[in-house]
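Engineer: Once you've had a glance at the structure underneath, I'll fire off some questions.
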Protein chains: 2
Amino acid sequence: MKLVCKSIATPLGRMLLAAGDAGLAGVWFEGQSHHPDASTWQVVQSQCWLDQAAEELQAYFRGQGRQFKTPRAAAWGTTFQRSVWEALAEIPWGATTRYGAIAARLNNPLAVRAVGAAVGRNPWSIVVPCHRVLGADGSLTGYAGGLARKQELLTREGAWPLSSP
Amino acid sequence: MKLVCKSIATPLGRMLLAAGDAGLAGVWFEGQSHHPDASTWQVVQSQCWLDQAAEELQAYFRGQGRQFKTPRAAAWGTTFQRSVWEALAEIPWGATTRYGAIAARLNNPLAVRAVGAAVGRNPWSIVVPCHRVLGADGSLTGYAGGLARKQELLTREGAWPLSSP
DNA sequence: CGTGCAGTAGCCGTTTTCGGACATGCGCTT
DNA sequence: AAGCGCATGTCCGAAAACGGCTACTGCACG
């Protein structure tokens, strides 16, 4: 699948958006870990899904958008990873969950660590809210874009610091 | 690259031809070793390169065609493998060469064994005449389509048994 | 006696590493 | 004459290492 991409500015730094014909392929912070190799993608000014996603992201940062409706088209990922990402996508704005809870939902309660690894490779930063997953004790644990961004995102959503541990 | 394919009958068994937009992608005996996974290719009745190659193959088997002019478009292969396949393509009808000779031509005389491995993965059976490569002592050594076919091809070209070892 | 913290040992999918096996041929030893 | 070791690029399988984790343990404090 051929991908096109464009970069946008956000309050948390520049982000790169990528899309194919079928939908949004990914959203990454510049320089975050697990950033894919974008050298073969074609940089464009405008594209259907890119524009829609950019618009929704800006709305999110203005506090005016609480969910993303741009269709996603996974360009990578194993079966397990995709099932984790799907579960992530269902966490509503302002809510949080735990790695263990996701593992349990997948009927694989012992695969907690594997879930952590999969969450870390979520290709759609913010859009698929991997930042809403906390450790069993409510700690931030980790974030591919850096813990500072994770905390900032949760604060903006009023989900940090935790009210009820 | 999207590939289309079709199967044809030859005196040595059915063969599968595959092609992309730019040219012939490969020709394999049914069930030969290193046969690629064709399950995602679209089977077609007719296509520019497929038709030309099929015609040339039939002419070859009738003894009326001694070289193939259908353009090839490699869909796989490392740099090393492609250079080996290019060298193979230059062996004329009725002639034979040795694995060592090819390695020498590539300025890599020690890579004899690697040449053997690469020859074995030649995607264009017959069209790129990997059957014209013999062991240093003139033995048949191996053929992805089976030694019987290799011998039959060489016999048809009057290159077997060897006249001058 | 609680409480808190550090260390530890399992859990599981993915990634990375590693060791052979090959469509060989030359040179050297037995 | 037959056998062994080595050199080369690639693929493939097995094995090990590596994480955005957790629950449990043992120990040091009040």
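We label chains A, B, ... in the order they appear in the structure tokens, count residues from 1 in each chain, and number ligands from 1 in the order shown.
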So that I can check the surroundings of range 137-146 of chain B, please list as a compact mmCIF listing (two decimals) with N, CA and C atoms (P, O5', C5', C4', C3', O3' and C1' of nucleotides), in the first residue's frame every protein, DNA and RNA residue that reaches within 12 Å of it, counting only C-alpha atoms (C1' of nucleotides) and ignoring chain neighbours fewer than 3 positions away.

Structural biologist:
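Just written: result-v3.txt:
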```txt
# COMPACT_ATOMS: atom_id res chain seq x y z
N LEU B 12 7.12 -30.49 -20.88
CA LEU B 12 7.75 -30.88 -19.63
C LEU B 12 6.85 -30.68 -18.42
N GLY B 13 5.57 -30.41 -18.67
CA GLY B 13 4.63 -30.23 -17.57
C GLY B 13 4.06 -28.81 -17.56
N ARG B 14 3.09 -28.60 -16.72
CA ARG B 14 2.45 -27.28 -16.66
C ARG B 14 3.41 -26.27 -16.04
N MET B 15 3.32 -25.05 -16.51
CA MET B 15 4.15 -23.98 -15.97
C MET B 15 3.27 -22.79 -15.64
N VAL B 27 8.61 -17.44 -14.18
CA VAL B 27 8.11 -18.64 -14.85
C VAL B 27 8.55 -19.84 -14.03
N TRP B 28 7.60 -20.64 -13.58
CA TRP B 28 7.95 -21.78 -12.74
C TRP B 28 7.25 -23.05 -13.19
N PHE B 29 7.94 -24.18 -13.00
CA PHE B 29 7.27 -25.46 -13.16
C PHE B 29 6.33 -25.65 -11.99
N GLU B 30 5.21 -26.27 -12.25
CA GLU B 30 4.25 -26.54 -11.19
C GLU B 30 4.92 -27.43 -10.13
N GLY B 31 4.92 -26.98 -8.91
CA GLY B 31 5.43 -27.80 -7.82
C GLY B 31 6.94 -27.83 -7.67
N GLN B 32 7.65 -27.04 -8.43
CA GLN B 32 9.11 -27.01 -8.29
C GLN B 32 9.51 -26.42 -6.94
N SER B 33 10.75 -26.63 -6.57
CA SER B 33 11.17 -26.04 -5.31
C SER B 33 11.33 -24.53 -5.45
N HIS B 34 11.20 -23.82 -4.35
CA HIS B 34 11.26 -22.35 -4.31
C HIS B 34 10.12 -21.71 -5.09
N HIS B 35 9.05 -22.48 -5.33
CA HIS B 35 7.90 -21.88 -6.00
C HIS B 35 7.29 -20.84 -5.06
N THR B 96 26.95 -24.18 -22.44
CA THR B 96 26.88 -24.41 -20.99
C THR B 96 28.01 -23.65 -20.32
N THR B 97 27.86 -23.49 -19.02
CA THR B 97 28.94 -22.85 -18.25
C THR B 97 28.99 -23.51 -16.88
N ARG B 98 29.85 -23.02 -16.01
CA ARG B 98 30.03 -23.61 -14.68
C ARG B 98 29.71 -22.58 -13.62
N TYR B 99 29.39 -23.04 -12.44
CA TYR B 99 29.12 -22.13 -11.32
C TYR B 99 30.33 -21.24 -11.06
N GLY B 100 31.53 -21.86 -11.15
CA GLY B 100 32.75 -21.10 -10.89
C GLY B 100 32.95 -19.99 -11.90
N GLY B 116 25.61 -20.75 -6.53
CA GLY B 116 24.74 -21.92 -6.63
C GLY B 116 23.38 -21.66 -6.01
N ALA B 117 23.39 -21.08 -4.83
CA ALA B 117 22.14 -20.79 -4.15
C ALA B 117 21.29 -19.81 -4.95
N ALA B 118 21.94 -18.81 -5.51
CA ALA B 118 21.23 -17.78 -6.27
C ALA B 118 20.67 -18.37 -7.57
N VAL B 119 21.45 -19.20 -8.25
CA VAL B 119 20.98 -19.82 -9.48
C VAL B 119 19.72 -20.63 -9.19
N GLY B 120 19.74 -21.31 -8.07
CA GLY B 120 18.59 -22.14 -7.70
C GLY B 120 17.33 -21.34 -7.51
N ARG B 121 17.47 -20.05 -7.25
CA ARG B 121 16.27 -19.22 -7.04
C ARG B 121 15.90 -18.38 -8.23
N ASN B 122 16.53 -18.60 -9.34
CA ASN B 122 16.18 -17.90 -10.57
C ASN B 122 14.67 -17.98 -10.80
N PRO B 123 14.00 -16.85 -10.90
CA PRO B 123 12.54 -16.87 -11.03
C PRO B 123 12.06 -17.23 -12.44
N TRP B 124 12.91 -17.09 -13.43
CA TRP B 124 12.46 -17.30 -14.81
C TRP B 124 12.98 -18.61 -15.38
N SER B 125 12.39 -19.72 -15.02
CA SER B 125 12.83 -21.01 -15.54
C SER B 125 12.84 -20.97 -17.06
N ILE B 126 13.83 -21.61 -17.65
CA ILE B 126 13.98 -21.73 -19.11
C ILE B 126 14.29 -20.37 -19.75
N PRO B 129 18.26 -19.06 -18.61
CA PRO B 129 18.64 -20.47 -18.72
C PRO B 129 19.53 -20.97 -17.59
N CYS B 130 18.96 -21.12 -16.42
CA CYS B 130 19.75 -21.63 -15.32
C CYS B 130 20.08 -23.11 -15.54
N HIS B 131 19.39 -23.75 -16.48
CA HIS B 131 19.68 -25.17 -16.74
C HIS B 131 21.00 -25.33 -17.49
N ARG B 132 21.57 -24.24 -17.95
CA ARG B 132 22.83 -24.36 -18.71
C ARG B 132 24.06 -24.25 -17.82
N VAL B 133 23.86 -24.32 -16.51
CA VAL B 133 24.99 -24.25 -15.58
C VAL B 133 25.28 -25.62 -15.02
N LEU B 134 26.51 -26.06 -15.17
CA LEU B 134 26.90 -27.40 -14.72
C LEU B 134 27.97 -27.30 -13.64
N ARG B 149 14.28 -32.87 -15.83
CA ARG B 149 13.94 -31.76 -16.73
C ARG B 149 15.20 -31.06 -17.22
N LYS B 150 16.18 -30.90 -16.31
CA LYS B 150 17.42 -30.23 -16.71
C LYS B 150 18.08 -31.00 -17.85
N GLN B 151 18.15 -32.29 -17.69
CA GLN B 151 18.79 -33.11 -18.71
C GLN B 151 18.02 -33.05 -20.02
N GLU B 152 16.70 -33.11 -19.93
CA GLU B 152 15.86 -33.05 -21.12
C GLU B 152 16.06 -31.73 -21.87
N LEU B 153 16.13 -30.65 -21.14
CA LEU B 153 16.33 -29.34 -21.77
C LEU B 153 17.67 -29.29 -22.49
N LEU B 154 18.70 -29.76 -21.81
CA LEU B 154 20.04 -29.73 -22.41
C LEU B 154 20.09 -30.65 -23.64
N ALA B 159 23.17 -30.03 -26.05
CA ALA B 159 24.30 -29.74 -25.18
C ALA B 159 24.52 -30.88 -24.18
N TRP B 160 23.84 -32.02 -24.44
CA TRP B 160 23.97 -33.15 -23.51
C TRP B 160 23.80 -34.44 -24.29
N PRO B 161 24.65 -35.45 -24.05
CA PRO B 161 25.77 -35.37 -23.11
C PRO B 161 26.89 -34.49 -23.62
N LEU B 162 27.74 -34.08 -22.75
CA LEU B 162 28.81 -33.15 -23.09
C LEU B 162 29.73 -33.77 -24.15
N SER B 163 30.06 -32.96 -25.15
CA SER B 163 30.98 -33.44 -26.17
C SER B 163 32.42 -33.30 -25.68
N SER B 164 32.76 -32.10 -25.21
CA SER B 164 34.15 -31.89 -24.75
C SER B 164 34.13 -31.50 -23.28
N PRO B 165 34.50 -32.40 -22.42
CA PRO B 165 34.51 -32.14 -20.99
C PRO B 165 35.59 -31.12 -20.68
P DC C 22 20.92 -29.62 3.05
O5' DC C 22 20.79 -28.68 1.79
C5' DC C 22 21.80 -28.48 0.87
C4' DC C 22 21.49 -27.20 0.15
C3' DC C 22 22.33 -27.01 -1.09
O3' DC C 22 21.63 -27.38 -2.29
C1' DC C 22 22.33 -25.04 0.31
P DA C 23 20.20 -26.84 -2.83
O5' DA C 23 20.70 -27.31 -4.25
C5' DA C 23 21.65 -28.36 -4.32
C4' DA C 23 22.61 -28.07 -5.46
C3' DA C 23 23.42 -26.80 -5.30
O3' DA C 23 24.72 -27.04 -5.76
C1' DA C 23 22.14 -26.70 -7.28
P DT C 24 25.92 -27.27 -4.80
O5' DT C 24 27.18 -26.95 -5.74
C5' DT C 24 27.06 -25.97 -6.75
C4' DT C 24 28.41 -25.31 -6.93
C3' DT C 24 29.46 -26.19 -7.58
O3' DT C 24 30.14 -25.44 -8.57
C1' DT C 24 30.24 -25.41 -5.50
P DG C 25 31.22 -26.11 -9.51
O5' DG C 25 32.60 -25.87 -8.77
C5' DG C 25 33.07 -24.54 -8.68
C4' DG C 25 34.38 -24.48 -7.95
C3' DG C 25 35.44 -25.47 -8.46
O3' DG C 25 36.69 -24.82 -8.40
C1' DG C 25 35.10 -25.79 -6.17
```

Engineer: Run DSSP on the backbone and grab whatever in range 77-144 of chain B lands in alpha helix (DSSP H); send it over as JSON, numbers by chain.

Structural biologist: {"B": [79, 80, 81, 82, 83, 84, 85, 86, 87, 88, 89, 99, 100, 101, 102, 103, 104, 105, 112, 113, 114, 115, 116, 117, 118, 119, 120]}

Engineer: Against range 7-19 of chain D, which residues of chain C fall within 12 Å? For each one I want the closest pair of atoms and the distance in Å (one decimal), counting only C-alpha atoms (C1' of nucleotides), rows by chain and increasing residue number, as a tab-separated table.

Structural biologist:
```
residue	atom	partner	partner_atom	distance
C:DC12	C1'	D:DG19	C1'	10.8
C:DG13	C1'	D:DG19	C1'	10.1
C:DT14	C1'	D:DC18	C1'	8.7
C:DT15	C1'	D:DC18	C1'	7.8
C:DT16	C1'	D:DA17	C1'	7.6
C:DT17	C1'	D:DA16	C1'	7.8
C:DC18	C1'	D:DA15	C1'	8.3
C:DG19	C1'	D:DA14	C1'	9.1
C:DG20	C1'	D:DC12	C1'	9.3
C:DA21	C1'	D:DC11	C1'	9.1
C:DC22	C1'	D:DT10	C1'	9.2
C:DT24	C1'	D:DA7	C1'	10.4
C:DG25	C1'	D:DA7	C1'	9.9
C:DC26	C1'	D:DA7	C1'	10.2
```

Engineer: Which value, in Å to one decimal, gives the distance between CA of Asp21 in chain B and CA of Ser7 in chain B?

Structural biologist: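 Going from CA of Asp21 in chain B over to CA of Ser7 in chain B covers 17.9 Å.
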
Engineer: Looking only at strand (DSSP E or B) from DSSP on the backbone, list the matching residues of range 41-127 of chain A as number ranges by chain.

Structural biologist: A: 42-43, 72, 97-98, 124

Engineer: Just to be explicit: take each residue in the selection above, keep N, CA and C atoms, and write the result as a PDB file, in the first residue's frame.

Structural biologist:
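And here is the file that came out, again-v3.pdb:
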```pdb
ATOM      1  N   GLN A  42       5.375   9.711   0.325  1.00  0.00           N
ATOM      2  CA  GLN A  42       5.328  10.952  -0.429  1.00  0.00           C
ATOM      3  C   GLN A  42       4.691  12.048   0.426  1.00  0.00           C
ATOM      4  N   VAL A  43       5.392  13.151   0.559  1.00  0.00           N
ATOM      5  CA  VAL A  43       4.867  14.270   1.334  1.00  0.00           C
ATOM      6  C   VAL A  43       3.868  15.041   0.471  1.00  0.00           C
ATOM      7  N   ARG A  72      -9.599   4.501  10.095  1.00  0.00           N
ATOM      8  CA  ARG A  72      -8.208   4.059  10.174  1.00  0.00           C
ATOM      9  C   ARG A  72      -7.998   2.853   9.259  1.00  0.00           C
ATOM     10  N   THR A  97      -7.685   3.224  31.935  1.00  0.00           N
ATOM     11  CA  THR A  97      -7.790   1.789  32.207  1.00  0.00           C
ATOM     12  C   THR A  97      -6.406   1.255  32.539  1.00  0.00           C
ATOM     13  N   ARG A  98      -6.280  -0.028  32.738  1.00  0.00           N
ATOM     14  CA  ARG A  98      -5.002  -0.647  33.110  1.00  0.00           C
ATOM     15  C   ARG A  98      -4.600  -1.666  32.052  1.00  0.00           C
ATOM     16  N   TRP A 124      -1.332   5.089  16.030  1.00  0.00           N
ATOM     17  CA  TRP A 124      -2.132   6.320  15.986  1.00  0.00           C
ATOM     18  C   TRP A 124      -2.090   7.051  17.316  1.00  0.00           C
TER      19      TRP A 124
END
```

Engineer: Determine, counting only C-alpha atoms (C1' of nucleotides), which protein, DNA and RNA residues have an atom within 12 Å of an atom of Arg62 in chain B; residues of the same chain fewer than 3 positions away are not included. Present the result as an MDAnalysis selection string.

Structural biologist: chainID B and resid 10:11 55:59 65:66 156:157

Engineer: Quick check: residues of chain D within 9 Å of chain A, only C-alpha atoms (C1' of nucleotides), returned as a PDB file with C-alpha atoms (C1' of nucleotides), in the first residue's frame.

Structural biologist:
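Result file selection-v3.pdb:
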```pdb
ATOM      1  C1'  DG D  19       9.818  -5.004  26.758  1.00  0.00           C
ATOM      2  C1'  DG D  20       5.061   1.036  28.540  1.00  0.00           C
ATOM      3  C1'  DC D  21       3.443  -5.605  33.673  1.00  0.00           C
ATOM      4  C1'  DT D  22       2.054  -7.747  38.177  1.00  0.00           C
TER       5       DT D  22
END
```

Engineer: Can you measure CA of Ala104 in chain A to C1' of DG4 in chain C for me? One decimal in Å is fine.

Structural biologist: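 Computing it gives 28.3 Å between the two atoms.
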
Engineer: Have a look at A:Ser39, A:Thr78, A:Gln47, A:Gln64 and name the one nearest to chain C; count only C-alpha atoms (C1' of nucleotides).

Structural biologist: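 Looking only at the distances to chain C, the closest residue turns out to be A:Thr78.
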
Engineer: Give me the residues near DT25 in chain D as a list in words, where near means some atom within 12 Å (using only C-alpha atoms (C1' of nucleotides)) and where sequence neighbours in that chain fewer than 4 positions away do not count.

Structural biologist: DC5, DA6, DG7, DT8 and DA9 of chain C

Engineer: Contacts of Leu106 in chain A at 9 Å or less, counting only C-alpha atoms (C1' of nucleotides), minus same-chain residues fewer than 2 places along, as an MDAnalysis selection string?

Structural biologist: chainID A and resid 83:84 87 101:104 108:109

Engineer: Please save N, CA and C atoms of the selected residues as an mmCIF file, in the first residue's frame.

Structural biologist:
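selection-v9.cif, written as the output of this step:
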```cif
data_model
loop_
_atom_site.group_PDB
_atom_site.id
_atom_site.type_symbol
_atom_site.label_atom_id
_atom_site.label_comp_id
_atom_site.auth_asym_id
_atom_site.auth_seq_id
_atom_site.Cartn_x
_atom_site.Cartn_y
_atom_site.Cartn_z
ATOM 1 N N SER A 83 -5.657 -6.403 17.722
ATOM 2 C CA SER A 83 -6.758 -6.581 18.663
ATOM 3 C C SER A 83 -6.557 -5.675 19.878
ATOM 4 N N VAL A 84 -5.301 -5.488 20.273
ATOM 5 C CA VAL A 84 -5.019 -4.570 21.383
ATOM 6 C C VAL A 84 -5.401 -3.149 20.978
ATOM 7 N N ALA A 87 -9.018 -2.533 21.108
ATOM 8 C CA ALA A 87 -9.496 -2.359 22.482
ATOM 9 C C ALA A 87 -9.177 -0.957 22.985
ATOM 10 N N ALA A 101 -6.457 -4.823 32.558
ATOM 11 C CA ALA A 101 -7.859 -4.817 32.139
ATOM 12 C C ALA A 101 -7.971 -5.143 30.656
ATOM 13 N N ILE A 102 -7.046 -4.606 29.863
ATOM 14 C CA ILE A 102 -7.073 -4.894 28.425
ATOM 15 C C ILE A 102 -6.789 -6.361 28.168
ATOM 16 N N ALA A 103 -5.781 -6.875 28.864
ATOM 17 C CA ALA A 103 -5.459 -8.294 28.704
ATOM 18 C C ALA A 103 -6.673 -9.150 29.037
ATOM 19 N N ALA A 104 -7.380 -8.770 30.099
ATOM 20 C CA ALA A 104 -8.561 -9.534 30.506
ATOM 21 C C ALA A 104 -9.635 -9.467 29.434
ATOM 22 N N ASN A 108 -7.174 -13.071 27.655
ATOM 23 C CA ASN A 108 -5.794 -13.530 27.748
ATOM 24 C C ASN A 108 -5.156 -12.816 28.933
ATOM 25 N N PRO A 109 -5.716 -13.025 30.112
ATOM 26 C CA PRO A 109 -5.376 -12.200 31.269
ATOM 27 C C PRO A 109 -3.896 -12.261 31.659
#
```
